[in-house]
Amino acid sequence: MSIHKANKRDLFFCKWRENGKEKRRYFKTEQEASAFEADRLQTRTQEEERLTLGELTMLFCRSRYDLNIVTKRKIVYFLAGYEKDGVHHPGTGEFLRDKYAESLTRQDLERMRESFRSRGVGNNTINKFQAMVRAILAWGVDQELIRFNPWRDFKKLKFARPVFQPKMEDLKRLYPELPEYLQWAVKTAFFLALRPGQVELFSLTWDAFNWRRGVVIVRQGKSGRLKTVVPHPAYMQEARRRYEADMAAGIPWVCHRGKGQRVLNFRTAWVLACKRAGVTLRPYDIRHIAATEMLARGADLAAVAAQLGHSSVATTGAVYAHVTAGGQAHAGALMPALGEMQPPDTGRTKR
């Protein structure tokens with residue numbers, strides 16, 4: 001931007017380019033023009049120092065060394081999309097990437113939600129990505145990179161939580177149909193209450209096992225927090241035998257295909273095994289079955305929450321709110337007597 005004097009009029013004007021177009025503004029005195037120029041230069045400097053959501057996300061991912069690579073990849077695909085066969089596939093939230101982080105609005109949130117809905121995505125997944133963006137913004141505020149979190153007070157969408165019924169019989173029918181490496185993976189996910197997949201189960205290494213204390217310390221892929229699991233003694237015995245064999249072969253992974261080959265995809269083997277067993281079961285159901293079995297057998301809710309790695313008992317109670325009929329009868333029978341307890345009415349009327 002520069003200050004000029006008009007030839008035919010006794011005026012001064014500032015000239016600058018904005019969005020590829022030349023703009024001018026006239027003033028009566030040179031001092032007014034100079035003040036306007038200084039104000040615009042300061043504003044432009046402040047704009048250049050502001051971080052876009054994409055820039056803030058890049059700093060967030062670099063600083064969070066504990067963030068799983070799969071989670072980081074999801075964030076990148078969400079904001080930048082991906083290339084395949086020379087074609088760019090836009091991310092669901094790619095329109096947010098170049099917006100200033102502090103300038104995100106409710107309209108941006110609604111546009112993100114509609115973008116997900118157009119792809120057939122449910123409210124639960126939409127809420128997860130909303131929480132992810134909000135966590136990045138909150139981190140930016142904590143690191144003093146931005147002044148405030150514009151999405152802090154926006155509530156999540158309501159959705160019907162699925163009620164998970166015990167499916168232990170289905171798992172028992174499926175287990176013999178699985179290949180050996182998946183049988184051990186299912187055992188590990190079941191007894192350690194892990195999320196199956198690359199984030200937790202197939203990234204688990206033997207150094208997570210504390211043999212002296214009989215516990216396994218797992219870094220959760222969803223939150224990055226550590227959880228300490230106390231597995232069944234029989235599982236720990238089998239794990240110890242496998243540990244010794246893997247250490248002799250130099251294999252760090254707890255679950256692998258044999259000879260240390262990492263499990264990168266098990267979907268085909270899982271689907272075929274489900275068809276042979278005649279069951280419909282998702283890999284994630286293993287974790288739900290583990291929680292359901294612990295609760296149905298009388299385990300304390302706080303202990304189950306610790307095994308699952310939930311930060312709050314309320315989360316465990318909300319997800320596993322169902323109660324088996326036998327468990328509810330057992331809970332009623334545990335109530336102490338109060339005063340003189342009368343025998344149950346047999347249907348006869350006293351005269």
# chains A, B, ... in the order shown; residues from 1 in each chain; ligands from 1
>>> residues_around(residues="Cys61 of chain A", least_positions_apart="6", cutoff="10 Å", atoms="only C-alpha atoms", output="ChimeraX atom specification")
/A:67-69,71-73,75-76,136
>>> residues_around(residues="Arg257 of chain A", least_positions_apart="3", cutoff="12 Å", atoms="only C-alpha atoms", output="PDB file with C-alpha atoms, in the first residue's frame")
ATOM      1  CA  PRO A 179      -7.140 -68.906  12.202  1.00  0.00           C
ATOM      2  CA  GLU A 180      -4.670 -69.472  15.048  1.00  0.00           C
ATOM      3  CA  TYR A 181      -3.204 -65.956  15.001  1.00  0.00           C
ATOM      4  CA  LEU A 182      -6.702 -64.450  15.282  1.00  0.00           C
ATOM      5  CA  GLN A 183      -7.665 -66.832  18.087  1.00  0.00           C
ATOM      6  CA  TRP A 184      -4.803 -65.458  20.168  1.00  0.00           C
ATOM      7  CA  ALA A 185      -5.716 -61.893  19.147  1.00  0.00           C
ATOM      8  CA  PHE A 202      -2.111 -55.045  16.956  1.00  0.00           C
ATOM      9  CA  ASP A 246       8.747 -64.440  20.734  1.00  0.00           C
ATOM     10  CA  ILE A 251       9.512 -60.539  17.892  1.00  0.00           C
ATOM     11  CA  TRP A 253       4.502 -57.799  18.921  1.00  0.00           C
ATOM     12  CA  VAL A 254       2.045 -59.621  21.162  1.00  0.00           C
ATOM     13  CA  GLY A 260       6.827 -61.585  13.499  1.00  0.00           C
ATOM     14  CA  GLN A 261       4.696 -60.520  10.529  1.00  0.00           C
ATOM     15  CA  ARG A 262       2.385 -57.714  11.658  1.00  0.00           C
ATOM     16  CA  VAL A 263      -1.375 -57.993  11.252  1.00  0.00           C
ATOM     17  CA  LEU A 264      -2.403 -55.131   8.993  1.00  0.00           C
ATOM     18  CA  ASN A 265      -5.778 -56.455   7.834  1.00  0.00           C
ATOM     19  CA  PHE A 266      -7.875 -59.275   9.225  1.00  0.00           C
TER      20      PHE A 266
END
>>> residues_around(residues="Pro90 of chain A", least_positions_apart="2", cutoff="10 Å", atoms="only C-alpha atoms", output="list in words")
Tyr77, Phe78, Leu79, Ala80, Gly81, Tyr82, Glu83, Val87, His88, Thr92, Gly93, Glu94 and Phe95 of chain A
>>> write_last_selection(atoms="N, CA, C and O atoms", output="mmCIF file, in the first residue's frame")
data_model
loop_
_atom_site.group_PDB
_atom_site.id
_atom_site.type_symbol
_atom_site.label_atom_id
_atom_site.label_comp_id
_atom_site.auth_asym_id
_atom_site.auth_seq_id
_atom_site.Cartn_x
_atom_site.Cartn_y
_atom_site.Cartn_z
ATOM 1 N N TYR A 77 -6.824 -37.060 6.743
ATOM 2 C CA TYR A 77 -7.835 -37.349 5.725
ATOM 3 C C TYR A 77 -9.045 -36.431 5.900
ATOM 4 O O TYR A 77 -9.661 -36.019 4.915
ATOM 5 N N PHE A 78 -9.406 -36.128 7.143
ATOM 6 C CA PHE A 78 -10.561 -35.277 7.426
ATOM 7 C C PHE A 78 -10.352 -33.863 6.895
ATOM 8 O O PHE A 78 -11.254 -33.273 6.292
ATOM 9 N N LEU A 79 -9.157 -33.306 7.083
ATOM 10 C CA LEU A 79 -8.899 -31.912 6.723
ATOM 11 C C LEU A 79 -8.263 -31.730 5.351
ATOM 12 O O LEU A 79 -8.343 -30.639 4.779
ATOM 13 N N ALA A 80 -7.611 -32.777 4.826
ATOM 14 C CA ALA A 80 -6.887 -32.605 3.566
ATOM 15 C C ALA A 80 -7.291 -33.591 2.490
ATOM 16 O O ALA A 80 -6.875 -33.443 1.337
ATOM 17 N N GLY A 81 -8.095 -34.620 2.828
ATOM 18 C CA GLY A 81 -8.464 -35.614 1.836
ATOM 19 C C GLY A 81 -7.281 -36.508 1.487
ATOM 20 O O GLY A 81 -6.296 -36.583 2.220
ATOM 21 N N TYR A 82 -7.369 -37.156 0.329
ATOM 22 C CA TYR A 82 -6.275 -38.039 -0.093
ATOM 23 C C TYR A 82 -6.285 -38.170 -1.612
ATOM 24 O O TYR A 82 -7.269 -37.848 -2.285
ATOM 25 N N GLU A 83 -5.140 -38.630 -2.139
ATOM 26 C CA GLU A 83 -5.001 -38.827 -3.574
ATOM 27 C C GLU A 83 -5.047 -40.315 -3.893
ATOM 28 O O GLU A 83 -4.436 -41.120 -3.203
ATOM 29 N N VAL A 87 -6.384 -38.875 -8.624
ATOM 30 C CA VAL A 87 -7.610 -38.104 -8.366
ATOM 31 C C VAL A 87 -7.638 -37.705 -6.900
ATOM 32 O O VAL A 87 -7.384 -38.528 -6.008
ATOM 33 N N HIS A 88 -7.943 -36.433 -6.653
ATOM 34 C CA HIS A 88 -8.027 -35.953 -5.279
ATOM 35 C C HIS A 88 -9.428 -36.200 -4.728
ATOM 36 O O HIS A 88 -10.426 -35.791 -5.315
ATOM 37 N N THR A 92 -13.886 -34.676 4.408
ATOM 38 C CA THR A 92 -15.196 -34.180 4.831
ATOM 39 C C THR A 92 -15.101 -32.779 5.412
ATOM 40 O O THR A 92 -16.001 -31.962 5.243
ATOM 41 N N GLY A 93 -14.008 -32.491 6.104
ATOM 42 C CA GLY A 93 -13.841 -31.164 6.701
ATOM 43 C C GLY A 93 -12.785 -30.327 6.016
ATOM 44 O O GLY A 93 -12.221 -29.411 6.630
ATOM 45 N N GLU A 94 -12.514 -30.608 4.741
ATOM 46 C CA GLU A 94 -11.441 -29.900 4.045
ATOM 47 C C GLU A 94 -11.720 -28.400 3.931
ATOM 48 O O GLU A 94 -10.791 -27.583 3.906
ATOM 49 N N PHE A 95 -12.993 -28.027 3.871
ATOM 50 C CA PHE A 95 -13.329 -26.606 3.771
ATOM 51 C C PHE A 95 -12.936 -25.833 5.028
ATOM 52 O O PHE A 95 -12.818 -24.605 5.015
#
>>> residues_around(residues="Phe27 of chain A", least_positions_apart="3", cutoff="7 Å", atoms="only C-alpha atoms", output="JSON list (two decimals) with all heavy atoms, in the first residue's frame")
[["chain", "number", "residue", "atom", "x", "y", "z"],
["A", 11, "LEU", "N", -6.38, 16.31, -2.92],
["A", 11, "LEU", "CA", -6.67, 15.19, -2.03],
["A", 11, "LEU", "C", -5.50, 14.20, -2.05],
["A", 11, "LEU", "O", -4.70, 14.18, -2.99],
["A", 11, "LEU", "CB", -7.95, 14.46, -2.46],
["A", 11, "LEU", "CG", -9.27, 15.25, -2.38],
["A", 11, "LEU", "CD1", -10.40, 14.42, -2.98],
["A", 11, "LEU", "CD2", -9.59, 15.60, -0.93],
["A", 12, "PHE", "N", -5.45, 13.38, -1.01],
["A", 12, "PHE", "CA", -4.46, 12.28, -0.94],
["A", 12, "PHE", "C", -5.22, 10.96, -0.92],
["A", 12, "PHE", "O", -6.33, 10.87, -0.39],
["A", 12, "PHE", "CB", -3.61, 12.42, 0.33],
["A", 12, "PHE", "CG", -2.74, 13.64, 0.34],
["A", 12, "PHE", "CD1", -3.23, 14.87, 0.80],
["A", 12, "PHE", "CD2", -1.43, 13.59, -0.13],
["A", 12, "PHE", "CE1", -2.44, 16.00, 0.82],
["A", 12, "PHE", "CE2", -0.63, 14.73, -0.12],
["A", 12, "PHE", "CZ", -1.14, 15.93, 0.35],
["A", 13, "PHE", "N", -4.62, 9.97, -1.52],
["A", 13, "PHE", "CA", -5.30, 8.66, -1.52],
["A", 13, "PHE", "C", -4.30, 7.54, -1.27],
["A", 13, "PHE", "O", -3.11, 7.64, -1.60],
["A", 13, "PHE", "CB", -6.05, 8.44, -2.84],
["A", 13, "PHE", "CG", -5.19, 8.32, -4.05],
["A", 13, "PHE", "CD1", -4.73, 7.07, -4.48],
["A", 13, "PHE", "CD2", -4.84, 9.45, -4.80],
["A", 13, "PHE", "CE1", -3.93, 6.97, -5.61],
["A", 13, "PHE", "CE2", -4.05, 9.34, -5.93],
["A", 13, "PHE", "CZ", -3.59, 8.10, -6.34],
["A", 32, "GLU", "N", -4.15, 12.06, 7.50],
["A", 32, "GLU", "CA", -5.24, 11.07, 7.56],
["A", 32, "GLU", "C", -4.90, 9.84, 6.71],
["A", 32, "GLU", "O", -5.16, 8.70, 7.11],
["A", 32, "GLU", "CB", -6.54, 11.70, 7.06],
["A", 32, "GLU", "CG", -7.11, 12.74, 8.00],
["A", 32, "GLU", "CD", -8.35, 13.41, 7.45],
["A", 32, "GLU", "OE1", -8.52, 13.40, 6.20],
["A", 32, "GLU", "OE2", -9.17, 13.90, 8.25],
["A", 33, "ALA", "N", -4.31, 10.08, 5.56],
["A", 33, "ALA", "CA", -3.92, 8.97, 4.69],
["A", 33, "ALA", "C", -2.84, 8.12, 5.35],
["A", 33, "ALA", "O", -2.88, 6.88, 5.29],
["A", 33, "ALA", "CB", -3.44, 9.49, 3.34]]
>>> select_by_dssp(residues="segment 22-251 of chain A", states="helix (DSSP H, G or I)", output="JSON, numbers by chain")
{"A": [30, 31, 32, 33, 34, 35, 36, 37, 38, 39, 40, 41, 42, 43, 44, 45, 46, 47, 48, 49, 53, 54, 55, 56, 57, 58, 59, 60, 61, 62, 63, 69, 70, 71, 72, 73, 74, 75, 76, 77, 78, 79, 80, 94, 95, 96, 101, 102, 103, 106, 107, 108, 109, 110, 111, 112, 113, 114, 115, 116, 117, 123, 124, 125, 126, 127, 128, 129, 130, 131, 132, 133, 134, 135, 136, 137, 138, 139, 140, 141, 142, 168, 169, 170, 171, 172, 173, 174, 175, 176, 177, 180, 181, 182, 183, 184, 185, 186, 187, 188, 189, 190, 191, 192, 201, 202, 203, 206, 207, 208, 233, 234, 235, 236, 237, 238, 239, 240, 241, 242, 243, 244, 245, 246, 247, 248, 249]}
